[in-house]
>>> print(open('final-v7.cif').read())   # mmCIF, C-alpha atoms
data_run
loop_
_atom_site.group_PDB
_atom_site.id
_atom_site.type_symbol
_atom_site.label_atom_id
_atom_site.label_comp_id
_atom_site.auth_asym_id
_atom_site.auth_seq_id
_atom_site.Cartn_x
_atom_site.Cartn_y
_atom_site.Cartn_z
ATOM 1 C CA MET A 521 36.662 19.192 -13.760
ATOM 2 C CA PHE A 522 37.201 16.943 -16.785
ATOM 3 C CA ARG A 523 37.954 18.171 -20.292
ATOM 4 C CA THR A 524 38.690 14.834 -21.948
ATOM 5 C CA VAL A 525 37.868 11.364 -20.655
ATOM 6 C CA VAL A 526 39.029 8.245 -22.490
ATOM 7 C CA PRO A 527 36.802 5.240 -21.707
ATOM 8 C CA ILE A 528 38.430 2.367 -19.845
ATOM 9 C CA ASP A 529 38.162 -0.974 -21.604
ATOM 10 C CA TYR A 530 37.565 -4.100 -19.536
ATOM 11 C CA PRO A 531 40.415 -6.427 -20.648
ATOM 12 C CA GLN A 532 39.160 -9.622 -22.239
ATOM 13 C CA ALA A 533 41.648 -11.674 -20.207
ATOM 14 C CA ALA A 534 40.155 -10.238 -17.017
ATOM 15 C CA GLN A 535 36.633 -10.963 -18.202
ATOM 16 C CA ASP A 536 37.557 -14.545 -19.101
ATOM 17 C CA SER A 537 39.089 -15.148 -15.668
ATOM 18 C CA GLY A 538 36.287 -13.375 -13.800
ATOM 19 C CA THR A 539 38.665 -10.773 -12.396
ATOM 20 C CA GLY A 540 36.984 -7.712 -10.935
ATOM 21 C CA GLY A 541 36.949 -5.335 -8.025
ATOM 22 C CA LEU A 542 37.967 -1.836 -7.015
ATOM 23 C CA VAL A 543 41.112 -0.175 -8.333
ATOM 24 C CA VAL A 544 42.379 3.154 -6.979
ATOM 25 C CA VAL A 545 44.619 5.136 -9.339
ATOM 26 C CA ARG A 546 46.842 7.965 -8.114
ATOM 27 C CA MET A 547 47.546 10.542 -10.780
ATOM 28 C CA MET A 548 49.669 13.666 -10.975
ATOM 29 C CA VAL A 549 47.997 16.448 -12.940
ATOM 30 C CA THR A 550 50.110 19.323 -14.300
ATOM 31 C CA GLU A 551 49.309 23.035 -14.284
ATOM 32 C CA ASN A 552 47.848 22.611 -17.792
ATOM 33 C CA GLY A 553 45.524 19.801 -16.718
ATOM 34 C CA ASP A 554 47.529 17.010 -18.351
ATOM 35 C CA VAL A 555 48.017 13.707 -16.520
ATOM 36 C CA GLU A 556 51.758 13.454 -16.013
ATOM 37 C CA SER A 557 51.738 10.082 -14.287
ATOM 38 C CA ALA A 558 49.287 7.431 -13.116
ATOM 39 C CA GLU A 559 49.789 4.396 -10.923
ATOM 40 C CA VAL A 560 47.600 1.955 -9.057
ATOM 41 C CA VAL A 561 47.938 2.513 -5.311
ATOM 42 C CA ASN A 562 45.280 0.055 -4.185
ATOM 43 C CA GLY A 563 44.015 -2.981 -5.987
ATOM 44 C CA GLU A 564 45.821 -6.135 -4.957
ATOM 45 C CA SER A 565 43.642 -6.674 -1.898
ATOM 46 C CA VAL A 566 40.324 -5.804 -3.526
ATOM 47 C CA LEU A 567 40.656 -7.391 -6.947
ATOM 48 C CA ALA A 568 39.428 -10.955 -7.256
ATOM 49 C CA GLY A 569 40.853 -13.112 -10.021
ATOM 50 C CA THR A 570 44.068 -13.816 -11.886
ATOM 51 C CA ALA A 571 44.223 -11.005 -14.477
ATOM 52 C CA THR A 572 44.812 -8.150 -12.043
ATOM 53 C CA ASP A 573 47.759 -6.758 -14.013
ATOM 54 C CA ALA A 574 45.608 -6.409 -17.123
ATOM 55 C CA ILE A 575 43.005 -4.385 -15.223
ATOM 56 C CA LYS A 576 45.631 -2.132 -13.664
ATOM 57 C CA GLU A 577 47.224 -1.519 -17.051
ATOM 58 C CA ALA A 578 43.873 -0.719 -18.645
ATOM 59 C CA ALA A 579 43.025 1.795 -15.916
ATOM 60 C CA THR A 580 46.369 3.595 -15.897
ATOM 61 C CA GLN A 581 46.774 3.733 -19.691
ATOM 62 C CA ALA A 582 43.326 5.248 -20.150
ATOM 63 C CA VAL A 583 43.775 7.770 -17.329
ATOM 64 C CA LYS A 584 47.072 8.992 -18.774
ATOM 65 C CA GLN A 585 45.088 10.263 -21.766
ATOM 66 C CA TRP A 586 42.626 12.230 -19.660
ATOM 67 C CA LYS A 587 42.596 16.015 -19.589
ATOM 68 C CA PHE A 588 41.463 18.091 -16.602
ATOM 69 C CA GLN A 589 40.512 21.665 -16.006
ATOM 70 C CA PRO A 590 43.560 23.272 -14.315
ATOM 71 C CA TYR A 591 43.377 23.320 -10.518
ATOM 72 C CA ILE A 592 43.515 26.933 -9.350
ATOM 73 C CA LYS A 593 45.061 27.961 -6.032
ATOM 74 C CA ASP A 594 45.565 31.588 -5.017
ATOM 75 C CA GLY A 595 44.600 32.590 -8.523
ATOM 76 C CA LYS A 596 47.210 30.435 -10.243
ATOM 77 C CA PRO A 597 47.109 26.943 -11.817
ATOM 78 C CA VAL A 598 49.089 24.395 -9.790
ATOM 79 C CA ARG A 599 50.101 20.763 -9.999
ATOM 80 C CA VAL A 600 47.901 18.434 -8.000
ATOM 81 C CA SER A 601 47.865 14.781 -7.014
ATOM 82 C CA THR A 602 44.574 12.959 -6.665
ATOM 83 C CA ASN A 603 43.255 9.425 -6.195
ATOM 84 C CA LEU A 604 40.353 8.135 -8.264
ATOM 85 C CA PRO A 605 38.485 4.828 -7.743
ATOM 86 C CA PHE A 606 37.400 2.564 -10.592
ATOM 87 C CA ARG A 607 35.088 -0.402 -10.101
ATOM 88 C CA PHE A 608 35.352 -3.370 -12.498
ATOM 89 C CA THR A 609 32.373 -5.702 -12.223
ATOM 90 C CA ILE A 610 31.018 -8.723 -14.071
ATOM 91 C CA THR A 611 27.431 -9.818 -13.626
ATOM 92 C CA ASP A 612 26.946 -13.505 -12.933
ATOM 93 C CA GLY A 613 24.070 -13.728 -15.407
ATOM 94 C CA LYS A 614 21.500 -14.697 -12.779
ATOM 95 C CA CYS A 615 19.697 -11.382 -13.165
ATOM 96 C CA SER A 616 20.344 -10.798 -16.856
ATOM 97 C CA ASP A 617 18.832 -13.846 -18.556
ATOM 98 C CA GLY A 618 22.113 -15.751 -18.346
ATOM 99 C CA ALA A 619 24.137 -13.114 -20.196
ATOM 100 C CA LYS A 620 27.198 -11.904 -18.322
ATOM 101 C CA GLN A 621 28.096 -8.261 -18.680
ATOM 102 C CA ALA A 622 31.392 -6.564 -17.832
ATOM 103 C CA THR A 623 31.231 -2.924 -16.758
ATOM 104 C CA VAL A 624 33.633 -0.260 -15.510
ATOM 105 C CA THR A 625 32.304 2.448 -13.186
ATOM 106 C CA THR A 626 34.365 5.635 -13.194
ATOM 107 C CA PRO A 627 34.382 8.363 -10.522
ATOM 108 C CA PHE A 628 32.849 11.072 -12.702
ATOM 109 C CA GLU A 629 29.668 9.069 -13.197
ATOM 110 C CA HIS A 630 26.732 9.951 -10.979
ATOM 111 C CA PRO A 631 23.919 7.508 -10.239
ATOM 112 C CA VAL A 632 20.590 8.187 -11.880
ATOM 113 C CA THR A 633 17.692 8.526 -9.472
ATOM 114 C CA ALA A 634 14.811 6.068 -9.651
ATOM 115 C CA THR A 635 11.779 5.697 -7.415
ATOM 116 C CA GLU A 636 11.381 2.711 -5.158
ATOM 117 C CA LYS A 637 8.300 1.693 -7.151
ATOM 118 C CA ALA A 638 10.229 1.767 -10.435
ATOM 119 C CA MET A 639 13.039 -0.362 -9.017
ATOM 120 C CA GLN A 640 10.674 -2.984 -7.613
ATOM 121 C CA THR A 641 10.205 -4.342 -11.127
ATOM 122 C CA HIS A 642 13.986 -4.850 -11.389
ATOM 123 C CA ILE A 643 14.346 -7.016 -8.280
ATOM 124 C CA CYS A 644 15.424 -10.559 -9.136
ATOM 125 C CA LYS A 645 16.417 -11.739 -5.652
ATOM 126 C CA LYS A 646 14.691 -10.576 -2.492
ATOM 127 C CA VAL A 647 15.653 -11.793 0.959
ATOM 128 C CA ALA A 648 13.080 -11.344 3.719
ATOM 129 C CA ALA A 649 14.155 -9.563 6.883
ATOM 130 C CA VAL A 650 14.030 -11.566 10.096
ATOM 131 C CA TYR A 651 11.847 -9.999 12.767
ATOM 132 C CA PRO A 652 14.303 -9.340 15.628
ATOM 133 C CA ARG A 653 13.413 -11.133 18.841
ATOM 134 C CA MET A 654 13.989 -7.981 20.910
ATOM 135 C CA ALA A 655 11.610 -6.039 18.676
ATOM 136 C CA GLU A 656 8.971 -8.739 19.089
ATOM 137 C CA LEU A 657 9.312 -8.684 22.862
ATOM 138 C CA ALA A 658 9.057 -4.896 22.834
ATOM 139 C CA ARG A 659 6.058 -5.114 20.474
ATOM 140 C CA VAL A 660 7.793 -2.839 17.980
ATOM 141 C CA SER A 661 6.572 -2.696 14.393
ATOM 142 C CA GLY A 662 6.781 -0.330 11.445
ATOM 143 C CA ASP A 663 8.966 0.554 8.487
ATOM 144 C CA VAL A 664 12.690 0.955 7.946
ATOM 145 C CA VAL A 665 13.425 3.250 5.005
ATOM 146 C CA MET A 666 16.919 3.036 3.497
ATOM 147 C CA ALA A 667 18.857 4.942 0.852
ATOM 148 C CA ALA A 668 20.621 2.609 -1.560
ATOM 149 C CA THR A 669 22.996 2.734 -4.488
ATOM 150 C CA ILE A 670 22.597 -0.155 -6.902
ATOM 151 C CA GLY A 671 25.619 -0.852 -9.074
ATOM 152 C CA LYS A 672 25.723 -1.512 -12.789
ATOM 153 C CA ASP A 673 25.865 -5.206 -11.923
ATOM 154 C CA GLY A 674 22.632 -5.034 -9.910
ATOM 155 C CA MET A 675 24.390 -5.436 -6.549
ATOM 156 C CA ILE A 676 23.747 -3.210 -3.535
ATOM 157 C CA GLN A 677 26.843 -1.026 -3.125
ATOM 158 C CA ASN A 678 25.853 1.569 -0.535
ATOM 159 C CA LEU A 679 23.076 1.308 1.996
ATOM 160 C CA HIS A 680 22.094 3.350 5.042
ATOM 161 C CA VAL A 681 18.981 4.001 7.111
ATOM 162 C CA LEU A 682 17.037 7.189 6.422
ATOM 163 C CA SER A 683 14.192 6.660 8.879
ATOM 164 C CA SER A 684 13.035 3.881 11.142
ATOM 165 C CA ALA A 685 10.156 2.936 13.403
ATOM 166 C CA SER A 686 12.748 1.671 15.903
ATOM 167 C CA PRO A 687 16.511 1.146 16.087
ATOM 168 C CA LEU A 688 15.731 -2.447 17.048
ATOM 169 C CA LEU A 689 14.653 -3.091 13.447
ATOM 170 C CA ASN A 690 17.531 -1.455 11.581
ATOM 171 C CA GLN A 691 20.203 -4.156 11.483
ATOM 172 C CA SER A 692 17.812 -6.871 10.372
ATOM 173 C CA ALA A 693 16.568 -4.683 7.517
ATOM 174 C CA LEU A 694 20.116 -3.807 6.432
ATOM 175 C CA ASP A 695 21.289 -7.429 6.593
ATOM 176 C CA ALA A 696 18.412 -8.583 4.389
ATOM 177 C CA VAL A 697 18.590 -5.835 1.749
ATOM 178 C CA LYS A 698 22.361 -6.191 1.338
ATOM 179 C CA GLN A 699 21.589 -9.600 -0.196
ATOM 180 C CA TRP A 700 19.067 -8.300 -2.715
ATOM 181 C CA ARG A 701 19.883 -8.422 -6.414
ATOM 182 C CA TYR A 702 18.506 -6.353 -9.270
ATOM 183 C CA HIS A 703 18.359 -6.624 -13.016
ATOM 184 C CA PRO A 704 20.792 -3.993 -14.323
ATOM 185 C CA TYR A 705 19.094 -0.634 -14.882
ATOM 186 C CA VAL A 706 19.702 0.212 -18.530
ATOM 187 C CA ILE A 707 19.614 3.618 -20.227
ATOM 188 C CA GLU A 708 20.312 3.907 -23.956
ATOM 189 C CA GLY A 709 21.530 0.320 -24.007
ATOM 190 C CA LYS A 710 24.040 0.701 -21.171
ATOM 191 C CA PRO A 711 23.736 -0.276 -17.489
ATOM 192 C CA VAL A 712 23.986 2.597 -15.008
ATOM 193 C CA GLU A 713 24.241 3.031 -11.258
ATOM 194 C CA VAL A 714 20.973 3.884 -9.547
ATOM 195 C CA ALA A 715 20.196 5.843 -6.387
ATOM 196 C CA THR A 716 16.893 4.827 -4.845
ATOM 197 C CA THR A 717 15.105 4.100 -1.588
ATOM 198 C CA ILE A 718 14.092 0.733 -0.175
ATOM 199 C CA THR A 719 11.454 0.170 2.479
ATOM 200 C CA VAL A 720 11.259 -2.926 4.667
ATOM 201 C CA ALA A 721 8.059 -3.345 6.655
ATOM 202 C CA PHE A 722 7.928 -5.179 9.973
ATOM 203 C CA ARG A 723 4.349 -6.086 10.891
#
>>> encode(input="final-v7.cif", output="structure tokens")
Amino acid sequence: MFRTVVPIDYPQAAQDSGTGGLVVVRMMVTENGDVESAEVVNGESVLAGTATDAIKEAATQAVKQWKFQPYIKDGKPVRVSTNLPFRFTITDGKCSDGAKQATVTTPFEHPVTATEKAMQTHICKKVAAVYPRMAELARVSGDVVMAATIGKDGMIQNLHVLSSASPLLNQSALDAVKQWRYHPYVIEGKPVEVATTITVAFR
């Protein structure tokens, strides 16, 4: 899909003010795969901080230099409009020995896969799940297994149940794990997103 991708810099002004969040950029791609135009269509409501304009400018200016494979329809290259999300995050330092790290996650990046056992050594904050009263009364016990995506900042970004001993246990497990924090998973000196599984046991 991509021929050329120019990295997006995290503006220093945005880092200094702690501005981060999700930015969605709408771009028009020509028949040749060039980006003709790029504009932020969503960002005001999801960015937190004062340097939102700097982040929007950084995203759009980088995207305008991207090059795509032509989109083919009925055997011919055509112009196409598409929206791409970019996540700007800054770690708070609590899980990285006090060092804050600013990262930009782009839509062409795919999470690396890591086993639950491997990720257990990266946990820096673990919140215990509360045993639901209804589950206790029903004498329900067992495991809730969830699929999770852990962001470059060590925060849980996506979480859903894969299997469960009982639906009565699911919400408590989800509520607890959403609060977990991880040390950033680093490959070749750079933090990456991670896809893994998380198991919460109710005994």
>>> resolve_selection(input="final-v7.cif", expression="the PyMOL selection byres ((chain A and resi 695) around 12)", output="ChimeraX atom specification")
/A:646-652,666,676,679-681,689-694,696-700,720
>>> residues_around(input="final-v7.cif", residues="A:Glu636", least_positions_apart="2", cutoff="7 Å", atoms="all atoms listed in the file", output="short mmCIF file (atom, residue, chain, number, x, y, z; two decimals) with C-alpha atoms, in the coordinates of the input")
data_model
loop_
_atom_site.label_atom_id
_atom_site.label_comp_id
_atom_site.auth_asym_id
_atom_site.auth_seq_id
_atom_site.Cartn_x
_atom_site.Cartn_y
_atom_site.Cartn_z
CA ALA A 634 14.81 6.07 -9.65
CA ALA A 638 10.23 1.77 -10.44
CA MET A 639 13.04 -0.36 -9.02
CA GLN A 640 10.67 -2.98 -7.61
CA THR A 716 16.89 4.83 -4.84
CA THR A 717 15.10 4.10 -1.59
CA ILE A 718 14.09 0.73 -0.18
#
>>> closest_atom_pairs(input="final-v7.cif", of="stretch 552-649 of chain A", to="stretch 532-548 of chain A", cutoff="7 Å", atoms="all atoms listed in the file", output="tab-separated table")
residue	atom	partner	partner_atom	distance
A:Val555	CA	A:Met548	CA	5.8
A:Glu556	CA	A:Met548	CA	5.5
A:Ser557	CA	A:Met548	CA	5.3
A:Ala558	CA	A:Met547	CA	4.3
A:Glu559	CA	A:Arg546	CA	5.4
A:Val560	CA	A:Val545	CA	4.4
A:Val561	CA	A:Val544	CA	5.8
A:Asn562	CA	A:Val544	CA	5.1
A:Gly563	CA	A:Val543	CA	4.7
A:Val566	CA	A:Gly541	CA	5.6
A:Leu567	CA	A:Gly541	CA	4.4
A:Ala568	CA	A:Thr539	CA	5.2
A:Gly569	CA	A:Thr539	CA	4.0
A:Thr570	CA	A:Thr539	CA	6.2
A:Ala571	CA	A:Ala534	CA	4.9
A:Thr572	CA	A:Thr539	CA	6.7
A:Ala574	CA	A:Ala534	CA	6.7
A:Ile575	CA	A:Ala534	CA	6.8
A:Thr580	CA	A:Val545	CA	7.0
A:Val600	CA	A:Met548	CA	5.9
A:Ser601	CA	A:Met548	CA	4.5
A:Thr602	CA	A:Met547	CA	5.6
A:Asn603	CA	A:Arg546	CA	4.3
A:Leu604	CA	A:Val545	CA	5.3
A:Pro605	CA	A:Val544	CA	4.3
A:Phe606	CA	A:Val543	CA	5.1
A:Arg607	CA	A:Leu542	CA	4.5
A:Phe608	CA	A:Gly540	CA	4.9
A:Thr609	CA	A:Gly540	CA	5.2
A:Ile610	CA	A:Gly540	CA	6.8
A:Ala622	CA	A:Gln535	CA	6.9
>>> resolve_selection(input="final-v7.cif", expression="the PyMOL selection byres ((chain A and resi 617-620) around 12)", output="PyMOL selection string")
chain A and resi 535-536+538+609-616+621-623+644+672-674+702-704
>>> atom_distance(input="final-v7.cif", atom1="atom CA of A:Thr669", atom2="atom CA of A:Phe628")
15.3 Å
>>> closest_residue(input="final-v7.cif", among="A:Val549, A:Gly595, A:Glu629, A:Val624", to="A:Pro531", atoms="all atoms listed in the file")
A:Val624
>>> atom_distance(input="final-v7.cif", atom1="atom CA of A:Ser661", atom2="atom CA of A:Arg723")
5.4 Å
>>> atom_distance(input="final-v7.cif", atom1="atom CA of A:Glu713", atom2="atom CA of A:Lys576")
22.1 Å
>>> closest_residue(input="final-v7.cif", among="A:Val598, A:Ile592, A:Ala721, A:Ala667", to="A:Thr633", atoms="all atoms listed in the file")
A:Ala667
>>> closest_residue(input="final-v7.cif", among="A:Ser683, A:Glu656, A:Ile707, A:Pro631", to="A:Ile670", atoms="all atoms listed in the file")
A:Pro631
>>> closest_residue(input="final-v7.cif", among="A:Gly662, A:Gly671, A:Gly553, A:Pro627", to="A:Ser684", atoms="all atoms listed in the file")
A:Gly662
>>> closest_residue(input="final-v7.cif", among="A:Val665, A:Ala715, A:Val660, A:Met675", to="A:Leu688", atoms="all atoms listed in the file")
A:Val660
>>> closest_residue(input="final-v7.cif", among="A:Ile643, A:Val526, A:Val664, A:Met654", to="A:Thr626", atoms="all atoms listed in the file")
A:Val526
>>> residues_around(input="final-v7.cif", residues="A:Glu551", least_positions_apart="4", cutoff="6 Å", atoms="only C-alpha atoms", output="number ranges by chain")
A: 590, 597-599
>>> axis_aligned_box(input="final-v7.cif", around="stretch 699-714 of chain A", padding_each_side="6 Å", output="AutoDock Vina command-line options")
--center_x 21.3 --center_y -2.8 --center_z -12.1 --size_x 17.9 --size_y 25.5 --size_z 35.8
>>> residues_around(input="final-v7.cif", residues="A:Trp586", least_positions_apart="3", cutoff="6 Å", atoms="only C-alpha atoms", output="PDB file with C-alpha atoms, keeping the file's coordinate frame")
ATOM      1  CA  THR A 524      38.690  14.834 -21.948  1.00  0.00           C
ATOM      2  CA  VAL A 525      37.868  11.364 -20.655  1.00  0.00           C
ATOM      3  CA  VAL A 583      43.775   7.770 -17.329  1.00  0.00           C
TER       4      VAL A 583
END
>>> build_atoms(input="final-v7.cif", residues="stretch 648-683 of chain A", atoms="N, CA and C atoms", output="mmCIF file, keeping the file's coordinate frame")
data_model
loop_
_atom_site.group_PDB
_atom_site.id
_atom_site.type_symbol
_atom_site.label_atom_id
_atom_site.label_comp_id
_atom_site.auth_asym_id
_atom_site.auth_seq_id
_atom_site.Cartn_x
_atom_site.Cartn_y
_atom_site.Cartn_z
ATOM 1 N N ALA A 648 13.959 -11.899 2.686
ATOM 2 C CA ALA A 648 13.080 -11.344 3.719
ATOM 3 C C ALA A 648 13.864 -11.039 4.987
ATOM 4 N N ALA A 649 13.513 -9.939 5.619
ATOM 5 C CA ALA A 649 14.155 -9.563 6.883
ATOM 6 C C ALA A 649 13.582 -10.397 8.024
ATOM 7 N N VAL A 650 14.449 -10.803 8.919
ATOM 8 C CA VAL A 650 14.030 -11.566 10.096
ATOM 9 C C VAL A 650 13.556 -10.601 11.176
ATOM 10 N N TYR A 651 12.376 -10.868 11.716
ATOM 11 C CA TYR A 651 11.847 -9.999 12.767
ATOM 12 C C TYR A 651 12.693 -10.193 14.028
ATOM 13 N N PRO A 652 13.420 -9.170 14.467
ATOM 14 C CA PRO A 652 14.303 -9.340 15.628
ATOM 15 C C PRO A 652 13.521 -9.729 16.882
ATOM 16 N N ARG A 653 14.086 -10.650 17.639
ATOM 17 C CA ARG A 653 13.413 -11.133 18.841
ATOM 18 C C ARG A 653 13.169 -9.993 19.832
ATOM 19 N N MET A 654 14.148 -9.100 19.976
ATOM 20 C CA MET A 654 13.989 -7.981 20.910
ATOM 21 C C MET A 654 12.855 -7.061 20.480
ATOM 22 N N ALA A 655 12.691 -6.884 19.176
ATOM 23 C CA ALA A 655 11.610 -6.039 18.676
ATOM 24 C C ALA A 655 10.254 -6.696 18.942
ATOM 25 N N GLU A 656 10.212 -8.027 18.793
ATOM 26 C CA GLU A 656 8.971 -8.739 19.089
ATOM 27 C C GLU A 656 8.595 -8.601 20.557
ATOM 28 N N LEU A 657 9.574 -8.789 21.426
ATOM 29 C CA LEU A 657 9.312 -8.684 22.862
ATOM 30 C C LEU A 657 8.859 -7.281 23.241
ATOM 31 N N ALA A 658 9.419 -6.284 22.539
ATOM 32 C CA ALA A 658 9.057 -4.896 22.834
ATOM 33 C C ALA A 658 7.805 -4.464 22.069
ATOM 34 N N ARG A 659 7.249 -5.383 21.279
ATOM 35 C CA ARG A 659 6.058 -5.114 20.474
ATOM 36 C C ARG A 659 6.265 -3.912 19.549
ATOM 37 N N VAL A 660 7.439 -3.912 18.908
ATOM 38 C CA VAL A 660 7.793 -2.839 17.980
ATOM 39 C C VAL A 660 7.473 -3.284 16.559
ATOM 40 N N SER A 661 6.840 -2.420 15.801
ATOM 41 C CA SER A 661 6.572 -2.696 14.393
ATOM 42 C C SER A 661 6.693 -1.396 13.602
ATOM 43 N N GLY A 662 6.687 -1.522 12.281
ATOM 44 C CA GLY A 662 6.781 -0.330 11.445
ATOM 45 C C GLY A 662 7.769 -0.512 10.312
ATOM 46 N N ASP A 663 8.126 0.587 9.676
ATOM 47 C CA ASP A 663 8.966 0.554 8.487
ATOM 48 C C ASP A 663 10.387 1.032 8.763
ATOM 49 N N VAL A 664 11.318 0.451 8.006
ATOM 50 C CA VAL A 664 12.690 0.955 7.946
ATOM 51 C C VAL A 664 12.917 1.408 6.513
ATOM 52 N N VAL A 665 13.201 2.687 6.337
ATOM 53 C CA VAL A 665 13.425 3.250 5.005
ATOM 54 C C VAL A 665 14.919 3.494 4.826
ATOM 55 N N MET A 666 15.482 2.943 3.739
ATOM 56 C CA MET A 666 16.919 3.036 3.497
ATOM 57 C C MET A 666 17.213 3.709 2.164
ATOM 58 N N ALA A 667 18.333 4.417 2.114
ATOM 59 C CA ALA A 667 18.857 4.942 0.852
ATOM 60 C C ALA A 667 19.848 3.924 0.326
ATOM 61 N N ALA A 668 19.769 3.637 -0.978
ATOM 62 C CA ALA A 668 20.621 2.609 -1.560
ATOM 63 C C ALA A 668 21.199 3.067 -2.888
ATOM 64 N N THR A 669 22.414 2.595 -3.154
ATOM 65 C CA THR A 669 22.996 2.734 -4.488
ATOM 66 C C THR A 669 23.132 1.332 -5.062
ATOM 67 N N ILE A 670 22.554 1.142 -6.236
ATOM 68 C CA ILE A 670 22.597 -0.155 -6.902
ATOM 69 C C ILE A 670 23.577 -0.048 -8.068
ATOM 70 N N GLY A 671 24.577 -0.912 -8.067
ATOM 71 C CA GLY A 671 25.619 -0.852 -9.074
ATOM 72 C C GLY A 671 25.151 -1.287 -10.455
ATOM 73 N N LYS A 672 26.030 -1.093 -11.420
ATOM 74 C CA LYS A 672 25.723 -1.512 -12.789
ATOM 75 C C LYS A 672 25.470 -3.008 -12.882
ATOM 76 N N ASP A 673 26.037 -3.755 -11.922
ATOM 77 C CA ASP A 673 25.865 -5.206 -11.923
ATOM 78 C C ASP A 673 24.628 -5.648 -11.146
ATOM 79 N N GLY A 674 23.850 -4.688 -10.638
ATOM 80 C CA GLY A 674 22.632 -5.034 -9.910
ATOM 81 C C GLY A 674 22.845 -5.347 -8.443
ATOM 82 N N MET A 675 24.081 -5.171 -7.955
ATOM 83 C CA MET A 675 24.390 -5.436 -6.549
ATOM 84 C C MET A 675 24.230 -4.158 -5.723
ATOM 85 N N ILE A 676 23.823 -4.339 -4.461
ATOM 86 C CA ILE A 676 23.747 -3.210 -3.535
ATOM 87 C C ILE A 676 25.162 -2.786 -3.170
ATOM 88 N N GLN A 677 25.502 -1.509 -3.414
ATOM 89 C CA GLN A 677 26.843 -1.026 -3.125
ATOM 90 C C GLN A 677 26.892 -0.161 -1.871
ATOM 91 N N ASN A 678 25.913 0.704 -1.716
ATOM 92 C CA ASN A 678 25.853 1.569 -0.535
ATOM 93 C C ASN A 678 24.449 1.501 0.034
ATOM 94 N N LEU A 679 24.380 1.452 1.346
ATOM 95 C CA LEU A 679 23.076 1.308 1.996
ATOM 96 C C LEU A 679 23.133 1.925 3.389
ATOM 97 N N HIS A 680 22.187 2.811 3.689
ATOM 98 C CA HIS A 680 22.094 3.350 5.042
ATOM 99 C C HIS A 680 20.655 3.716 5.365
ATOM 100 N N VAL A 681 20.348 3.749 6.643
ATOM 101 C CA VAL A 681 18.981 4.001 7.111
ATOM 102 C C VAL A 681 18.673 5.492 7.052
ATOM 103 N N LEU A 682 17.522 5.809 6.457
ATOM 104 C CA LEU A 682 17.037 7.189 6.422
ATOM 105 C C LEU A 682 16.067 7.464 7.563
ATOM 106 N N SER A 683 15.163 6.526 7.788
ATOM 107 C CA SER A 683 14.192 6.660 8.879
ATOM 108 C C SER A 683 13.780 5.273 9.337
#
